[in-house]
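A short write-up of the structure that comes next.
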Amino acid sequence: MVEKQHKVWFSRALKNWHLVENNRMMPWKGIKDPYKIWLSEVILQQTRVEQGLAYYNRFVESYPDVHTLANASDNQVFKLWEGLGYYSRCRNLIKTARTISMEHAGLFPASKEGLLTLSGVGNYTAAAIGSFAFGLPLAVVDGNVLRVLSRVFGISTPIDLPEGRKALEQLAEQLLDIKNPALYNQAIMDLGATVCKPRQPICGACPFRQKCLALAQGKTEQLPVKSKKIKQRERFFYYLILESKGKQLVRQRKGKDIWQDLFEFILKETDEPVEEKELKSWSFWNLGAKKEKIEVVSISGEMVHQLTHQKIRCRMAYLRSSALVKVDGYHWTDISSIKQLAFPRLITRYQTSIR
Ligand code: SF4
């Protein structure tokens with residue numbers, strides 16, 4: 001249990017710092033509109049603020065309220081999301097917009113329990129919407145908050161284990177300024193993002209520097225502790241862009257793998273790297289079609305696409321065929337229509353590079 005004087009000291013130091021130092025003005029800060037707060041929180045998960053800002057602005061411009069977002073087609077929303085990654089967020093965004101629009105008359109629930117019933121809304125997002133939009137006394141606990149608390153209070157229990165996470169969540173709740181949860185939450189997240197950074201924290205500019213245990217004990221780089229290293233899976237993707245008569249073969253990805261619902265060209269995944277001459281041969285693609293007159297337009301170099309748990313090593317073969325050969329699962333689509341479809345960032349990077 002945090003003693004009362006600690007709590008007062010912590011929240012006062014944070015508030016004063018925020019009033020004087022905070023200059024990270026963003027369009028979603030200080031607002032009370034739950035739709036825009038929710039939108040910003042979904043976009044900013046696993047995303048840098050600089051990148052998320054452009055997407056946030058585009059979404060607000062295209063869909064100024066939850067009803068316009070709910071009425072958009074899946075593909076329109078995916079297209080706007082294209083390049084942001086973590087596409088399950090986008091699927092949840094669509095689902096929740098439709099739930100709010102159709103089942104809640106456009107109004108977000110004003111309670112933690114109600115918010116937690118929405119797709120893609122966990123404790124963190126519920127606390128953010130609840131405190132920022134409705135002034136509920138809920139402490140946000142994201143990576144920034146975990147880092148600040150574990151350093152200031154010198155907590156070395158791993159934050160990726162249930163007991164470490166729980167201890168820090170309880171501490172966050174005890175420290176929360178319940179009279180002004182929105183300001184407190186914004187301040188601690190900003191401090192973690194701009195001062196108490198993962199590497200080389202700027203302790204000289206920190207309001208907690210006099211009392212921070214990690215600083216006093218020279219442990220700023222060791223805290224917070226994580227028990228596990230993220231395991232990386234390496235995958236080899238070879239895409240065939242097959243073009244004929246102004247059309248290309250595409251399909252929509254289904255199943256539980258990455259990039260669900262996005263579009264892609266003919267994919268062959270292998271266990272190891274494949275030589276360029278293989279990629280030029282029709283037999284490599286093994287499409288069950290007769291060999292038509294094939295012209296090799298280009299074969300790309302290797303592109304590496306890093307996801308949280310996967311490293312995708314990919315090459316693109318661009319071939320032209322004299323006939324619209326049939327390939328199971330793929331559809332010949334006009335090139336002009338393909339531009340309207342949402343593709344994984346790996347593919348759009350390649351498309352941009354050959355334009
Ligand atoms: S003193 Fe340094 S390590 Fe401690 S909370 Fe501040 S920035 Fe983080």
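Residues are referred to by chain and number: the chain letter is A, B, ... according to the order shown in the structure tokens, the number counts from 1 in that chain, and ligands are numbered separately from 1 in the order shown.
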**Request:** Write out as a PyMOL selection string the residues lying within 12 Å of region 221-228 of chain A, counting only C-alpha atoms and excluding same-chain residues fewer than 6 positions away.
**Result:** chain A and resi 143-165+168+196-203+212-215
**Prompt:** Which residues, written as a ChimeraX atom specification, have at least one atom at most 7 Å from region 312-324 of chain A, with only C-alpha atoms counted and residues fewer than 4 positions away on the same chain left out?
**Reply:** /A:234-244,279,292-306
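Restricting the calculation to only C-alpha atoms and all ligand atoms, the smallest distance between ligand 1 and any of A:Ala13, A:Ala126, A:Ala167, A:Cys206 is found for A:Cys206.
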**Asked** What residues in region 99-244 of chain A get the DSSP label strand (DSSP E or B)? Please answer as number ranges by chain.
**Response** A: 233-244
**Request:** Just the residues within 9 Å of region 185-187 of chain A, please, counting only C-alpha atoms, with nothing from its chain fewer than 6 positions along; format it as an NGL selection string.
**Result:** :A and (14-15 or 17-19 or 22 or 29-30 or 128 or 131-132 or 138-141 or 145 or 176-177)
Region 62-77 of chain A: which residues within 9 Å, counting only C-alpha atoms, same-chain residues fewer than 4 positions away excluded, as a PDB file with N, CA and C atoms, in the first residue's frame?
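Below is the file result.pdb, written as the result:
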```pdb
ATOM      1  N   TYR A  35     -15.692   8.969 -29.079  1.00  0.00           N
ATOM      2  CA  TYR A  35     -15.410   8.366 -30.397  1.00  0.00           C
ATOM      3  C   TYR A  35     -13.968   8.675 -30.819  1.00  0.00           C
ATOM      4  N   LYS A  36     -13.583   9.943 -30.717  1.00  0.00           N
ATOM      5  CA  LYS A  36     -12.232  10.326 -31.159  1.00  0.00           C
ATOM      6  C   LYS A  36     -11.156   9.776 -30.206  1.00  0.00           C
ATOM      7  N   ASN A  57      -5.775  11.675 -38.352  1.00  0.00           N
ATOM      8  CA  ASN A  57      -6.358  12.801 -39.089  1.00  0.00           C
ATOM      9  C   ASN A  57      -7.160  12.317 -40.291  1.00  0.00           C
ATOM     10  N   ARG A  58      -6.624  11.321 -40.989  1.00  0.00           N
ATOM     11  CA  ARG A  58      -7.351  10.801 -42.162  1.00  0.00           C
ATOM     12  C   ARG A  58      -8.666  10.137 -41.750  1.00  0.00           C
ATOM     13  N   TRP A  81      -6.673   2.051 -43.458  1.00  0.00           N
ATOM     14  CA  TRP A  81      -5.782   1.510 -42.421  1.00  0.00           C
ATOM     15  C   TRP A  81      -4.479   0.988 -43.031  1.00  0.00           C
ATOM     16  N   GLU A  82      -4.475   0.770 -44.333  1.00  0.00           N
ATOM     17  CA  GLU A  82      -3.357   0.120 -45.035  1.00  0.00           C
ATOM     18  C   GLU A  82      -2.012   0.719 -44.603  1.00  0.00           C
ATOM     19  N   CYS A  90      -7.993  -3.257 -36.865  1.00  0.00           N
ATOM     20  CA  CYS A  90      -8.912  -2.664 -37.838  1.00  0.00           C
ATOM     21  C   CYS A  90     -10.233  -3.441 -37.855  1.00  0.00           C
ATOM     22  N   ARG A  91     -10.141  -4.770 -37.754  1.00  0.00           N
ATOM     23  CA  ARG A  91     -11.374  -5.565 -37.732  1.00  0.00           C
ATOM     24  C   ARG A  91     -12.212  -5.222 -36.497  1.00  0.00           C
ATOM     25  N   LEU A  93     -12.102  -2.417 -34.892  1.00  0.00           N
ATOM     26  CA  LEU A  93     -12.579  -1.034 -35.066  1.00  0.00           C
ATOM     27  C   LEU A  93     -13.923  -1.035 -35.806  1.00  0.00           C
ATOM     28  N   ILE A  94     -13.978  -1.807 -36.882  1.00  0.00           N
ATOM     29  CA  ILE A  94     -15.206  -1.874 -37.692  1.00  0.00           C
ATOM     30  C   ILE A  94     -16.344  -2.475 -36.852  1.00  0.00           C
ATOM     31  N   LYS A  95     -16.011  -3.567 -36.162  1.00  0.00           N
ATOM     32  CA  LYS A  95     -17.046  -4.262 -35.382  1.00  0.00           C
ATOM     33  C   LYS A  95     -17.602  -3.364 -34.275  1.00  0.00           C
ATOM     34  N   THR A  96     -16.704  -2.708 -33.558  1.00  0.00           N
ATOM     35  CA  THR A  96     -17.158  -1.858 -32.452  1.00  0.00           C
ATOM     36  C   THR A  96     -17.936  -0.652 -32.963  1.00  0.00           C
ATOM     37  N   ALA A  97     -17.497  -0.053 -34.069  1.00  0.00           N
ATOM     38  CA  ALA A  97     -18.235   1.095 -34.621  1.00  0.00           C
ATOM     39  C   ALA A  97     -19.671   0.674 -34.930  1.00  0.00           C
ATOM     40  N   ARG A  98     -19.832  -0.514 -35.497  1.00  0.00           N
ATOM     41  CA  ARG A  98     -21.192  -0.973 -35.854  1.00  0.00           C
ATOM     42  C   ARG A  98     -22.008  -1.290 -34.591  1.00  0.00           C
ATOM     43  N   THR A  99     -21.347  -1.854 -33.579  1.00  0.00           N
ATOM     44  CA  THR A  99     -22.063  -2.127 -32.314  1.00  0.00           C
ATOM     45  C   THR A  99     -22.555  -0.820 -31.694  1.00  0.00           C
ATOM     46  N   ILE A 100     -21.664   0.170 -31.617  1.00  0.00           N
ATOM     47  CA  ILE A 100     -22.041   1.450 -30.988  1.00  0.00           C
ATOM     48  C   ILE A 100     -23.150   2.122 -31.801  1.00  0.00           C
ATOM     49  N   SER A 101     -22.999   2.106 -33.113  1.00  0.00           N
ATOM     50  CA  SER A 101     -23.975   2.789 -33.970  1.00  0.00           C
ATOM     51  C   SER A 101     -25.340   2.112 -33.921  1.00  0.00           C
ATOM     52  N   MET A 102     -25.350   0.779 -33.996  1.00  0.00           N
ATOM     53  CA  MET A 102     -26.643   0.087 -34.134  1.00  0.00           C
ATOM     54  C   MET A 102     -27.256  -0.334 -32.809  1.00  0.00           C
ATOM     55  N   GLY A 106     -25.279   5.143 -31.006  1.00  0.00           N
ATOM     56  CA  GLY A 106     -24.133   6.026 -31.245  1.00  0.00           C
ATOM     57  C   GLY A 106     -23.427   6.486 -29.980  1.00  0.00           C
ATOM     58  N   LEU A 107     -23.843   5.992 -28.825  1.00  0.00           N
ATOM     59  CA  LEU A 107     -23.245   6.457 -27.558  1.00  0.00           C
ATOM     60  C   LEU A 107     -22.335   5.381 -26.960  1.00  0.00           C
ATOM     61  N   ASP A 261      -7.968 -11.011 -44.176  1.00  0.00           N
ATOM     62  CA  ASP A 261      -8.902 -10.133 -44.911  1.00  0.00           C
ATOM     63  C   ASP A 261      -8.216  -9.165 -45.880  1.00  0.00           C
ATOM     64  N   LEU A 262      -6.899  -9.056 -45.824  1.00  0.00           N
ATOM     65  CA  LEU A 262      -6.222  -8.190 -46.808  1.00  0.00           C
ATOM     66  C   LEU A 262      -6.045  -8.968 -48.120  1.00  0.00           C
ATOM     67  N   GLN A 340      -7.838  -0.058 -55.449  1.00  0.00           N
ATOM     68  CA  GLN A 340      -8.810   0.242 -54.377  1.00  0.00           C
ATOM     69  C   GLN A 340      -8.753  -0.803 -53.253  1.00  0.00           C
ATOM     70  N   LEU A 341      -8.024  -1.901 -53.473  1.00  0.00           N
ATOM     71  CA  LEU A 341      -8.000  -2.964 -52.468  1.00  0.00           C
ATOM     72  C   LEU A 341      -6.904  -2.711 -51.431  1.00  0.00           C
ATOM     73  N   ALA A 342      -7.125  -3.235 -50.240  1.00  0.00           N
ATOM     74  CA  ALA A 342      -6.137  -3.057 -49.161  1.00  0.00           C
ATOM     75  C   ALA A 342      -5.167  -4.237 -49.154  1.00  0.00           C
TER      76      ALA A 342
END
```
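Between CA of Asn123 (chain A) and CA of Asp33 (chain A) there is a distance of 18.9 Å.
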**Prompt:** Quick one: of A:Val327, A:Leu191, A:Leu84, A:Met25, who's nearest to ligand 1, counting only C-alpha atoms and all ligand atoms?
**Reply:**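 Comparing A:Val327, A:Leu191, A:Leu84, A:Met25 against ligand 1, the winner is A:Leu191.
The closest residue to ligand 1, picked from A:Phe284, A:Tyr55, A:Trp259, A:Phe10 and counting only C-alpha atoms and all ligand atoms, is A:Phe10.
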**Asked** Looking at A:Ile266, A:Val8, A:Met26, A:Met189, which one is nearest to ligand 1, with distances taken over only C-alpha atoms and all ligand atoms?
**Response** A:Met189
DSSP alpha helix (DSSP H) residues within region 122-242 of chain A, as a compact mmCIF listing (two decimals) with C-alpha atoms, in the first residue's frame:
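Below is the file that was written, selection.txt:
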```txt
# COMPACT_ATOMS: atom_id res chain seq x y z
CA ASN A 123 -8.43 -2.69 -19.53
CA TYR A 124 -6.07 -0.13 -21.00
CA THR A 125 -8.46 1.27 -23.63
CA ALA A 126 -11.41 1.17 -21.22
CA ALA A 127 -9.38 3.20 -18.68
CA ALA A 128 -8.34 5.70 -21.37
CA ILE A 129 -11.87 6.26 -22.71
CA GLY A 130 -13.39 6.13 -19.21
CA SER A 131 -11.00 8.68 -17.68
CA PHE A 132 -10.56 11.04 -20.66
CA ALA A 133 -14.18 11.12 -21.87
CA PHE A 134 -16.17 10.50 -18.70
CA GLY A 143 4.15 0.26 -21.42
CA ASN A 144 5.05 3.86 -20.54
CA VAL A 145 3.30 3.69 -17.16
CA LEU A 146 4.82 0.29 -16.31
CA ARG A 147 8.28 1.67 -17.05
CA VAL A 148 7.89 4.84 -14.96
CA LEU A 149 6.45 3.02 -11.95
CA SER A 150 8.93 0.15 -11.98
CA ARG A 151 11.81 2.63 -12.11
CA VAL A 152 10.58 5.19 -9.57
CA PRO A 162 1.07 -12.00 -13.93
CA GLU A 163 2.39 -11.16 -10.44
CA GLY A 164 4.59 -8.29 -11.69
CA ARG A 165 1.84 -6.90 -13.87
CA LYS A 166 -0.71 -7.15 -11.05
CA ALA A 167 1.56 -5.44 -8.53
CA LEU A 168 2.14 -2.51 -10.88
CA GLU A 169 -1.54 -2.24 -11.77
CA GLN A 170 -2.41 -2.06 -8.07
CA LEU A 171 0.27 0.57 -7.54
CA ALA A 172 -1.07 2.57 -10.50
CA GLU A 173 -4.56 2.50 -9.02
CA GLN A 174 -3.31 3.64 -5.61
CA LEU A 175 -1.34 6.53 -7.11
CA PRO A 181 -7.82 11.13 -13.53
CA ALA A 182 -7.65 12.46 -17.11
CA LEU A 183 -4.83 14.92 -16.39
CA TYR A 184 -2.96 12.39 -14.23
CA ASN A 185 -3.20 9.62 -16.84
CA GLN A 186 -2.13 11.91 -19.67
CA ALA A 187 0.80 13.22 -17.62
CA ILE A 188 2.25 9.83 -16.67
CA MET A 189 1.94 8.50 -20.22
CA ASP A 190 3.64 11.64 -21.60
CA LEU A 191 6.42 11.39 -19.03
CA GLY A 192 7.10 7.79 -20.04
CA ALA A 193 7.06 8.65 -23.74
CA THR A 194 9.26 11.76 -23.62
CA LEU A 213 15.11 4.33 -6.86
CA ALA A 214 16.30 3.18 -10.28
CA LEU A 215 18.29 6.40 -10.69
CA ALA A 216 19.69 6.24 -7.17
```
**Item:** Residue among A:Ala205, A:Leu136, A:Ala105, A:Ile335 lying closest to ligand 1, counting only C-alpha atoms and all ligand atoms
**Value:**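 Closest to ligand 1 of all the choices is A:Ala205.
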